[in-house]
file entry30.txt (compact mmCIF, C-alpha atoms)
# COMPACT_ATOMS: atom_id res chain seq x y z
CA MET A 1 48.09 -100.46 22.75
CA LYS A 2 50.45 -100.91 25.71
CA THR A 3 52.11 -97.57 24.88
CA LYS A 4 50.63 -94.24 23.74
CA SER A 5 53.35 -93.82 21.13
CA ALA A 6 55.57 -96.11 19.09
CA LEU A 7 58.65 -94.14 20.17
CA SER A 8 59.15 -92.18 23.38
CA TYR A 9 59.33 -88.84 21.61
CA PHE A 10 59.81 -85.23 22.69
CA GLY A 11 56.51 -83.33 22.63
CA ALA A 12 54.42 -86.43 21.89
CA ASP A 13 50.65 -85.93 21.60
CA GLY A 14 49.51 -89.20 23.17
CA ALA A 15 47.36 -87.58 25.86
CA VAL A 16 45.27 -85.61 23.34
CA ALA A 17 45.49 -87.78 20.22
CA ASP A 18 41.92 -89.11 20.47
CA ASP A 19 40.37 -85.64 20.38
CA LEU A 20 42.63 -84.48 17.56
CA ALA A 21 41.98 -87.55 15.40
CA VAL A 22 38.20 -87.06 15.56
CA MET A 23 38.63 -83.85 13.57
CA LEU A 24 39.93 -85.98 10.67
CA ASP A 25 37.40 -88.83 10.87
CA HIS A 26 35.87 -87.97 7.49
CA CYS A 27 39.22 -88.13 5.66
CA SER A 28 40.17 -91.23 3.69
CA HIS A 29 43.73 -89.97 3.20
CA VAL A 30 45.82 -88.21 5.86
CA THR A 31 49.31 -86.75 5.55
CA ILE A 32 51.39 -86.36 8.71
CA PRO A 33 54.38 -84.04 8.03
CA PHE A 34 55.93 -84.53 11.50
CA VAL A 35 55.10 -88.11 12.48
CA GLY A 36 57.51 -88.27 15.47
CA GLY A 37 56.24 -90.83 17.98
CA ALA A 38 53.12 -91.49 15.85
CA SER A 39 50.68 -91.28 18.79
CA ILE A 40 47.79 -90.22 16.56
CA LEU A 41 48.19 -93.06 14.05
CA PRO A 42 46.00 -95.75 15.74
CA ARG A 43 43.24 -93.17 16.21
CA LEU A 44 43.00 -92.21 12.53
CA LYS A 45 40.26 -93.87 10.48
CA ALA A 46 41.85 -93.03 7.11
CA ARG A 47 42.62 -96.04 4.92
CA ALA A 48 45.71 -94.32 3.49
CA ILE A 49 48.29 -92.41 5.48
CA VAL A 50 51.54 -90.72 4.51
CA ALA A 51 53.89 -90.72 7.51
CA ASN A 52 56.72 -88.23 7.04
CA ASP A 53 59.55 -86.99 9.18
CA LEU A 54 62.79 -85.18 8.41
CA HIS A 55 64.55 -87.40 10.97
CA GLY A 56 65.75 -90.32 8.84
CA LEU A 57 66.09 -92.74 11.76
CA VAL A 58 62.43 -92.27 12.67
CA ILE A 59 61.31 -93.27 9.20
CA HIS A 60 63.81 -96.13 9.03
CA PHE A 61 62.49 -97.58 12.29
CA TYR A 62 58.88 -97.44 11.09
CA GLN A 63 59.77 -98.92 7.71
CA THR A 64 61.60 -101.81 9.36
CA LEU A 65 58.71 -102.41 11.76
CA ALA A 66 56.24 -102.35 8.86
CA GLY A 67 58.25 -105.02 7.05
CA HIS A 68 59.58 -102.88 4.20
CA PHE A 69 62.94 -104.65 4.48
CA GLY A 70 61.39 -108.09 4.76
CA ASP A 71 59.62 -110.05 7.49
CA ILE A 72 62.88 -111.51 8.79
CA GLU A 73 64.28 -108.06 9.51
CA ARG A 74 61.00 -107.06 11.17
CA ARG A 75 61.02 -110.12 13.43
CA ARG A 76 64.68 -109.65 14.33
CA LEU A 77 63.96 -106.05 15.29
CA ILE A 78 61.12 -107.03 17.60
CA GLU A 79 63.12 -109.89 19.13
CA ARG A 80 66.06 -107.59 19.83
CA CYS A 81 63.73 -105.10 21.49
CA TYR A 82 62.34 -107.89 23.71
CA THR A 83 65.85 -108.62 25.04
CA THR A 84 66.85 -104.99 25.65
CA ILE A 85 67.68 -104.10 29.24
CA SER A 86 67.73 -100.76 31.02
CA HIS A 87 71.46 -100.27 31.38
CA PRO A 88 74.04 -97.63 30.28
CA ARG A 89 75.90 -100.22 28.19
CA GLU A 90 72.78 -100.81 26.09
CA ILE A 91 72.75 -97.10 25.30
CA GLU A 92 76.41 -97.26 24.29
CA THR A 93 75.63 -100.22 22.02
CA ALA A 94 72.64 -98.39 20.56
CA MET A 95 74.71 -95.32 19.71
CA VAL A 96 76.93 -97.52 17.54
CA ALA A 97 73.99 -99.50 16.13
CA VAL A 98 72.30 -96.45 14.53
CA ASP A 99 75.16 -96.31 12.02
CA SER A 100 74.78 -99.98 11.02
CA ASP A 101 74.02 -101.02 7.44
CA ILE A 102 71.80 -103.84 8.76
CA ALA A 103 68.17 -102.68 8.84
CA HIS A 104 67.03 -104.25 12.10
CA VAL A 105 70.23 -103.33 13.96
CA ARG A 106 69.96 -99.69 12.93
CA ALA A 107 66.24 -99.59 13.77
CA TRP A 108 66.80 -101.20 17.16
CA GLY A 109 69.53 -98.67 17.97
CA PHE A 110 67.14 -95.76 17.49
CA TRP A 111 64.32 -97.48 19.40
CA ALA A 112 66.68 -98.13 22.31
CA LEU A 113 67.90 -94.52 22.40
CA CYS A 114 64.29 -93.33 22.53
CA TRP A 115 63.12 -95.71 25.25
CA ILE A 116 66.05 -96.51 27.58
CA GLY A 117 67.03 -92.96 28.44
CA ARG A 118 64.96 -90.25 30.05
CA LYS A 119 61.31 -90.35 28.97
CA GLY A 120 60.33 -88.12 26.09
CA LYS A 121 63.77 -87.32 24.68
CA GLY A 122 63.43 -89.14 21.36
CA GLY A 123 64.14 -86.95 18.36
CA THR A 124 66.21 -84.45 20.34
CA ARG A 125 69.91 -83.74 20.46
CA SER A 126 70.02 -85.36 23.91
CA ALA A 127 68.33 -88.67 23.04
CA GLY A 128 69.87 -91.57 24.89
CA GLY A 129 71.44 -90.11 28.03
CA LYS A 130 71.26 -92.33 31.08
CA PRO A 131 68.58 -94.82 32.14
CA SER A 132 66.08 -93.52 34.66
CA VAL A 133 66.37 -95.44 37.95
CA ARG A 134 63.56 -95.25 40.54
CA PHE A 135 64.47 -95.50 44.24
CA SER A 136 60.93 -95.21 45.66
CA PRO A 137 57.84 -97.47 45.69
CA GLN A 138 55.73 -94.97 43.72
CA GLY A 139 55.16 -95.46 39.99
CA GLY A 140 56.60 -97.95 37.55
CA THR A 141 60.20 -98.69 36.66
CA ASN A 142 62.19 -98.04 33.53
CA ALA A 143 62.53 -101.80 33.04
CA THR A 144 58.75 -102.36 32.98
CA ARG A 145 58.29 -99.34 30.72
CA LEU A 146 60.86 -100.76 28.32
CA MET A 147 59.17 -104.16 28.27
CA SER A 148 55.76 -102.57 27.63
CA ALA A 149 57.23 -100.71 24.67
CA ALA A 150 58.65 -103.94 23.26
CA LEU A 151 55.43 -105.90 23.78
CA ALA A 152 53.47 -103.23 21.90
CA LEU A 153 55.55 -103.50 18.72
CA ASP A 154 53.45 -106.19 17.02
CA GLU A 155 50.38 -103.98 17.34
CA TRP A 156 52.27 -100.93 16.11
CA ALA A 157 53.57 -102.93 13.15
CA LYS A 158 49.99 -103.48 11.95
CA GLU A 159 49.34 -99.74 12.10
CA PHE A 160 52.41 -98.91 10.04
CA GLN A 161 51.51 -101.44 7.38
CA ARG A 162 48.82 -99.04 6.09
CA CYS A 163 51.33 -96.19 5.81
CA GLU A 164 53.51 -94.89 3.04
CA PHE A 165 56.71 -93.28 4.30
CA THR A 166 58.62 -90.21 3.19
CA ASN A 167 61.68 -88.47 4.60
CA LEU A 168 61.19 -84.90 3.37
CA ASP A 169 61.25 -81.32 4.55
CA PHE A 170 57.65 -80.14 4.91
CA ARG A 171 58.27 -77.53 2.19
CA GLU A 172 58.86 -80.36 -0.26
CA LEU A 173 56.13 -82.63 1.09
CA LEU A 174 53.06 -80.39 1.39
CA PRO A 175 52.97 -79.15 -2.23
CA LYS A 176 52.47 -82.80 -3.24
CA VAL A 177 49.25 -83.15 -1.19
CA ARG A 178 46.04 -82.74 -3.18
CA ASP A 179 43.56 -80.11 -1.98
CA ASP A 180 40.62 -82.51 -1.82
CA ALA A 181 37.74 -82.77 0.66
CA LYS A 182 38.69 -86.37 1.45
CA CYS A 183 42.27 -85.40 2.30
CA GLY A 184 43.51 -84.32 5.70
CA ILE A 185 46.76 -82.91 7.07
CA TYR A 186 47.73 -83.36 10.69
CA ALA A 187 50.68 -81.14 11.61
CA ASP A 188 52.25 -81.34 15.06
CA PRO A 189 55.47 -79.37 14.47
CA PRO A 190 58.06 -78.45 17.08
CA TRP A 191 56.65 -75.71 19.29
CA VAL A 192 58.00 -72.18 19.55
CA GLY A 193 61.20 -72.23 21.62
CA ALA A 194 61.22 -76.01 21.98
CA GLY A 195 62.16 -76.33 18.31
CA ARG A 196 65.81 -75.71 19.13
CA ASN A 197 65.92 -78.96 21.14
CA TYR A 198 65.26 -81.20 18.13
CA LEU A 199 67.94 -82.83 16.03
CA HIS A 200 66.54 -80.79 13.16
CA SER A 201 65.88 -77.41 14.76
CA PHE A 202 62.71 -75.47 13.96
CA GLY A 203 62.77 -71.68 14.17
CA GLU A 204 60.68 -68.64 13.31
CA ILE A 205 61.13 -68.89 9.55
CA ASP A 206 60.04 -72.55 9.68
CA HIS A 207 56.84 -71.64 11.55
CA ARG A 208 56.11 -68.92 8.98
CA ASP A 209 56.81 -71.19 6.03
CA LEU A 210 54.59 -73.92 7.49
CA SER A 211 51.64 -71.57 7.91
CA GLU A 212 52.06 -70.35 4.33
CA GLN A 213 52.14 -73.90 3.02
CA LEU A 214 49.01 -74.86 4.97
CA ARG A 215 47.02 -71.80 3.89
CA ARG A 216 46.80 -73.06 0.32
CA PHE A 217 44.39 -75.81 1.41
CA ASN A 218 40.73 -74.89 1.03
CA GLU A 219 39.01 -78.26 0.52
CA ALA A 220 41.33 -80.49 2.54
CA THR A 221 41.01 -80.41 6.32
CA VAL A 222 44.06 -79.10 8.16
CA VAL A 223 44.61 -79.68 11.88
CA VAL A 224 47.65 -78.12 13.57
CA ARG A 225 48.76 -78.64 17.17
CA TYR A 226 50.90 -76.06 18.96
CA GLY A 227 51.74 -74.76 22.39
CA ASP A 228 49.71 -71.60 22.98
CA ASP A 229 51.76 -68.68 21.74
CA PRO A 230 50.76 -65.22 20.41
CA PHE A 231 53.16 -65.55 17.48
CA ILE A 232 51.48 -68.76 16.33
CA ARG A 233 48.02 -67.26 16.78
CA SER A 234 49.05 -64.37 14.53
CA LEU A 235 50.24 -66.76 11.81
CA TYR A 236 46.85 -68.49 11.70
CA GLU A 237 44.62 -65.45 12.09
CA GLY A 238 41.15 -66.19 10.74
CA TRP A 239 41.39 -69.94 11.46
CA THR A 240 39.43 -71.75 14.17
CA VAL A 241 41.46 -72.02 17.39
CA ILE A 242 40.55 -74.55 20.07
CA GLU A 243 42.17 -74.06 23.47
CA ALA A 244 43.25 -77.19 25.32
CA GLU A 245 45.65 -78.42 28.00
CA ALA A 246 48.09 -81.32 28.22
CA ARG A 247 51.03 -82.31 30.39
CA ASP A 248 54.50 -81.22 29.31
CA GLN A 249 57.83 -83.06 29.67
CA CYS A 250 57.91 -82.11 33.38
CA ASN A 251 54.38 -83.50 33.93
CA ALA A 252 52.98 -80.00 34.45
CA MET A 253 49.77 -78.87 32.76
CA LYS A 254 50.44 -76.51 29.86
CA GLY A 255 48.12 -74.66 27.52
CA GLU A 256 48.06 -75.66 23.89
CA ILE A 257 46.00 -74.75 20.85
CA TRP A 258 44.52 -76.82 18.06
CA ILE A 259 44.17 -74.84 14.88
CA THR A 260 41.98 -75.83 11.94
CA ASN A 261 40.71 -74.37 8.69
CA ARG A 262 37.28 -75.80 9.51
CA MET A 263 34.63 -74.13 11.67

call {"tool": "encode", "arguments": {"input": "entry30.txt", "output": "structure tokens"}}
result
Amino acid sequence: MKTKSALSYFGADGAVADDLAVMLDHCSHVTIPFVGGASILPRLKARAIVANDLHGLVIHFYQTLAGHFGDIERRRLIERCYTTISHPREIETAMVAVDSDIAHVRAWGFWALCWIGRKGKGGTRSAGGKPSVRFSPQGGTNATRLMSAALALDEWAKEFQRCEFTNLDFRELLPKVRDDAKCGIYADPPWVGAGRNYLHSFGEIDHRDLSEQLRRFNEATVVVRYGDDPFIRSLYEGWTVIEAEARDQCNAMKGEIWITNRM
């Protein structure tokens, strides 16, 4: 893959996805309640995956890329992404495009808002913004980053073709998942505090409700990723907690925890 995620998404788990996916290697079916940028998807061995997100434009983009609206719409989406440039006018066009009734136009609009603007703002209230312009010789440019994202779409399309998609609140989704030893749940919800930045905010009651929903699983393997926080630790008391580190949106190392109902 030329990119760690299909969409440049806030709080993406691309840097740690390999280690998280290993914990679900034995599962033939995996449900992802908060698919976001989908970084973990290529690392999962499961033959069946349910990719869910409450953000409707996320799911629409993945459905279009997977060919759910026909191969012509999929190809038109990829071709439009190839010709996208890093410029404020493209962002203006994309903001109109997300309201289109044409599948590939709407999908492209969301892709463009995730990738043209500041890195890692997809899924937030501030997605889009202004293109990042580099005035030094260090690092890559926004233009090359954008092209890499477009060139990766054919590979990502193959990954999404093994997925089923839902656009549900996790409270509606998780009760549908069977508590079976071959099933897995990978939950990477908005972190404490950061949840207010998302288009669909995520507060204390949401964190509590999520932990209650996940506690009903005894046979299925549950893996949850969070920023290290005492409140979250208290919600999952008695579960296995693995301490880890990853870079945050400001490229600084930050502690996180991986929580599982397996030893």

call {"tool": "closest_residue", "arguments": {"input": "entry30.txt", "among": "A:Phe165, A:Val16, A:Thr144, A:Ile72", "to": "Val58 (chain A)", "atoms": "all atoms listed in the file"}}
result
A:Phe165

call {"tool": "atom_distance", "arguments": {"input": "entry30.txt", "atom1": "CA of Asp53 (chain A)", "atom2": "CA of Phe34 (chain A)"}}
result
5.0 Å

call {"tool": "atom_distance", "arguments": {"input": "entry30.txt", "atom1": "CA of Ile49 (chain A)", "atom2": "CA of Ala112 (chain A)"}}
result
25.6 Å

call {"tool": "closest_residue", "arguments": {"input": "entry30.txt", "among": "A:Asn261, A:Asn218, A:Ser39, A:Gln213", "to": "Trp239 (chain A)", "atoms": "all atoms listed in the file"}}
result
A:Asn261

call {"tool": "residues_around", "arguments": {"input": "entry30.txt", "residues": "region 64-70 of chain A", "least_positions_apart": "5", "cutoff": "10 Å", "atoms": "all atoms listed in the file", "output": "PDB file with C-alpha atoms, in the coordinates of the input"}}
result
ATOM      1  CA  ILE A  59      61.310 -93.270   9.200  1.00  0.00           C
ATOM      2  CA  ARG A  75      61.020-110.120  13.430  1.00  0.00           C
ATOM      3  CA  ARG A  76      64.680-109.650  14.330  1.00  0.00           C
ATOM      4  CA  LEU A  77      63.960-106.050  15.290  1.00  0.00           C
ATOM      5  CA  ILE A  78      61.120-107.030  17.600  1.00  0.00           C
ATOM      6  CA  ILE A 102      71.800-103.840   8.760  1.00  0.00           C
ATOM      7  CA  ALA A 103      68.170-102.680   8.840  1.00  0.00           C
ATOM      8  CA  HIS A 104      67.030-104.250  12.100  1.00  0.00           C
ATOM      9  CA  VAL A 105      70.230-103.330  13.960  1.00  0.00           C
ATOM     10  CA  ARG A 106      69.960 -99.690  12.930  1.00  0.00           C
ATOM     11  CA  ALA A 107      66.240 -99.590  13.770  1.00  0.00           C
ATOM     12  CA  TRP A 108      66.800-101.200  17.160  1.00  0.00           C
ATOM     13  CA  LEU A 153      55.550-103.500  18.720  1.00  0.00           C
ATOM     14  CA  ASP A 154      53.450-106.190  17.020  1.00  0.00           C
ATOM     15  CA  TRP A 156      52.270-100.930  16.110  1.00  0.00           C
ATOM     16  CA  ALA A 157      53.570-102.930  13.150  1.00  0.00           C
ATOM     17  CA  LYS A 158      49.990-103.480  11.950  1.00  0.00           C
ATOM     18  CA  GLU A 159      49.340 -99.740  12.100  1.00  0.00           C
ATOM     19  CA  PHE A 160      52.410 -98.910  10.040  1.00  0.00           C
ATOM     20  CA  GLN A 161      51.510-101.440   7.380  1.00  0.00           C
ATOM     21  CA  ARG A 162      48.820 -99.040   6.090  1.00  0.00           C
ATOM     22  CA  CYS A 163      51.330 -96.190   5.810  1.00  0.00           C
ATOM     23  CA  GLU A 164      53.510 -94.890   3.040  1.00  0.00           C
TER      24      GLU A 164
END

call {"tool": "residues_around", "arguments": {"input": "entry30.txt", "residues": "Ala48 (chain A)", "least_positions_apart": "2", "cutoff": "9 Å", "atoms": "all atoms listed in the file", "output": "MDAnalysis selection string"}}
result
chainID A and resid 28:31 45:46 50 162:164

call {"tool": "residues_around", "arguments": {"input": "entry30.txt", "residues": "Val22 (chain A)", "least_positions_apart": "6", "cutoff": "12 Å", "atoms": "all atoms listed in the file", "output": "short mmCIF file (atom, residue, chain, number, x, y, z; two decimals) with C-alpha atoms, keeping the file's coordinate frame"}}
result
data_model
loop_
_atom_site.label_atom_id
_atom_site.label_comp_id
_atom_site.auth_asym_id
_atom_site.auth_seq_id
_atom_site.Cartn_x
_atom_site.Cartn_y
_atom_site.Cartn_z
CA VAL A 16 45.27 -85.61 23.34
CA ILE A 40 47.79 -90.22 16.56
CA LEU A 41 48.19 -93.06 14.05
CA PRO A 42 46.00 -95.75 15.74
CA ARG A 43 43.24 -93.17 16.21
CA LEU A 44 43.00 -92.21 12.53
CA LYS A 45 40.26 -93.87 10.48
CA ALA A 46 41.85 -93.03 7.11
CA GLY A 184 43.51 -84.32 5.70
CA TYR A 186 47.73 -83.36 10.69
CA THR A 221 41.01 -80.41 6.32
CA VAL A 223 44.61 -79.68 11.88
#

call {"tool": "atom_distance", "arguments": {"input": "entry30.txt", "atom1": "CA of Asp206 (chain A)", "atom2": "CA of Phe170 (chain A)"}}
result
9.3 Å

call {"tool": "residues_around", "arguments": {"input": "entry30.txt", "residues": "Glu212 (chain A)", "least_positions_apart": "4", "cutoff": "10 Å", "atoms": "only C-alpha atoms", "output": "JSON, numbers by chain"}}
result
{"A": [171, 206, 207, 208, 216, 217, 235, 236]}

call {"tool": "closest_residue", "arguments": {"input": "entry30.txt", "among": "A:Ala21, A:Tyr82, A:Pro175, A:Asp169", "to": "Val224 (chain A)", "atoms": "all atoms listed in the file"}}
result
A:Ala21

call {"tool": "closest_residue", "arguments": {"input": "entry30.txt", "among": "A:Ala51, A:Ser86, A:His60, A:Ile232", "to": "Asp101 (chain A)", "atoms": "all atoms listed in the file"}}
result
A:His60
